[in-house]
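**Student:** One structure, pasted below without further comment.
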Amino acid sequence: MANRAAWVSLIFGILAFVLAPFGALSSLVAIVAGVLGRKKKKDRGIATIGLVLGIVWWALLIIMIVTGSLNRFLRTIGL
(Lines give C-alpha, C1' and ligand atoms only; values in the text may rest on other atoms or scores of the structure.)
Protein backbone atom coordinates (compact mmCIF):
# COMPACT_ATOMS: atom_id res chain seq x y z
CA MET A 1 0.00 0.00 0.00
CA ALA A 2 1.28 3.44 -0.90
CA ASN A 3 2.22 6.00 1.70
CA ARG A 4 -0.48 8.58 0.98
CA ALA A 5 0.90 11.13 3.44
CA ALA A 6 4.22 11.12 1.57
CA TRP A 7 2.55 11.83 -1.76
CA VAL A 8 0.32 14.51 -0.23
CA SER A 9 3.44 16.14 1.18
CA LEU A 10 5.18 16.14 -2.19
CA ILE A 11 2.16 17.45 -4.10
CA PHE A 12 1.43 20.25 -1.62
CA GLY A 13 5.13 21.11 -1.40
CA ILE A 14 5.18 21.69 -5.14
CA LEU A 15 1.85 23.54 -5.07
CA ALA A 16 3.24 25.94 -2.45
CA PHE A 17 5.58 27.33 -5.12
CA VAL A 18 3.17 27.09 -8.05
CA LEU A 19 0.07 28.60 -6.43
CA ALA A 20 1.46 31.68 -4.71
CA PRO A 21 -1.78 32.86 -3.05
CA PHE A 22 -2.13 29.49 -1.31
CA GLY A 23 1.57 29.02 -0.57
CA ALA A 24 1.34 29.36 3.20
CA LEU A 25 -1.46 26.84 3.53
CA SER A 26 0.05 24.42 1.00
CA SER A 27 3.44 24.51 2.68
CA LEU A 28 1.91 23.86 6.10
CA VAL A 29 0.06 20.84 4.70
CA ALA A 30 3.33 19.67 3.10
CA ILE A 31 5.19 19.95 6.40
CA VAL A 32 2.55 18.11 8.45
CA ALA A 33 2.06 15.39 5.84
CA GLY A 34 5.84 15.07 5.43
CA VAL A 35 6.32 14.45 9.14
CA LEU A 36 3.53 11.88 9.12
CA GLY A 37 4.81 10.28 5.92
CA ARG A 38 8.35 9.87 7.26
CA LYS A 39 7.05 7.61 10.05
CA LYS A 40 6.44 4.83 7.53
CA LYS A 41 9.26 3.09 5.69
CA LYS A 42 7.59 3.12 2.28
CA ASP A 43 8.06 6.30 0.22
CA ARG A 44 10.04 7.96 3.02
CA GLY A 45 12.19 9.84 0.50
CA ILE A 46 9.14 11.36 -1.14
CA ALA A 47 7.87 12.52 2.24
CA THR A 48 11.26 14.08 2.94
CA ILE A 49 11.20 16.01 -0.34
CA GLY A 50 7.73 17.37 0.44
CA LEU A 51 8.81 18.29 3.96
CA VAL A 52 11.89 20.11 2.67
CA LEU A 53 9.85 22.00 0.06
CA GLY A 54 7.44 23.19 2.76
CA ILE A 55 10.29 24.32 5.02
CA VAL A 56 12.12 26.05 2.15
CA TRP A 57 8.96 27.99 1.29
CA TRP A 58 8.76 29.38 4.83
CA ALA A 59 12.50 30.08 4.91
CA LEU A 60 12.26 32.08 1.68
CA LEU A 61 9.29 34.03 3.03
CA ILE A 62 11.20 34.93 6.18
CA ILE A 63 14.26 35.97 4.15
CA MET A 64 12.11 38.21 1.94
CA ILE A 65 10.44 39.84 4.96
CA VAL A 66 13.76 40.46 6.72
CA THR A 67 15.50 41.86 3.65
CA GLY A 68 12.51 44.06 2.83
CA SER A 69 12.44 45.41 6.37
CA LEU A 70 16.19 45.97 6.35
CA ASN A 71 15.95 47.78 3.03
CA ARG A 72 13.21 50.06 4.35
CA PHE A 73 15.20 50.75 7.53
CA LEU A 74 18.33 51.64 5.56
CA ARG A 75 16.36 54.03 3.36
CA THR A 76 14.84 55.65 6.44
CA ILE A 77 18.24 56.41 7.96
CA GLY A 78 19.57 57.62 4.62
CA LEU A 79 21.94 54.85 3.62
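In the C-alpha coordinates, the first chain shown is A, the next is B, and so on; residue numbers restart at 1 for each chain, and ligands run from 1 in the order shown.
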Using only C-alpha atoms, which protein or nucleic acid residues come within 6 Å of A:Ala16? Drop anything in the same chain fewer than 4 positions from it, and give the result as number ranges by chain.
**Tutor:** A: 23, 26-27
**Student:** Near A:Trp57, counting only C-alpha atoms, which residues have an atom at most 12 Å away, once you skip same-chain residues fewer than 4 positions from it, shown as a list in words?
**Tutor:**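 Counting only C-alpha atoms, the residues come to Phe12, Gly13, Ile14, Leu15, Ala16, Phe17, Val18, Leu19, Ala20, Phe22, Gly23, Ala24, Leu25, Ser26, Ser27, Leu28, Val29, Ala30, Ile31, Gly50, Leu51, Val52, Leu53, Leu61, Ile62, Ile63 and Met64 of chain A.
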**Student:** To one decimal in Å, tell me the separation between atom CA of A:Ala6 and atom CA of A:Trp58.
**Tutor:**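 A separation of 19.1 Å between them.
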**Student:** Please measure the separation of atom CA of A:Ser9 and atom CA of A:Val35, giving the value in Å to one decimal.
**Tutor:**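 Atom-to-atom, atom CA of A:Ser9 and atom CA of A:Val35 are spaced 8.6 Å apart.
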**Student:** Contacts of A:Gly37 at 7 Å or less, counting only C-alpha atoms, minus same-chain residues fewer than 6 places along, as JSON, numbers by chain?
**Tutor:** {"A": [3, 5, 6, 44, 47]}
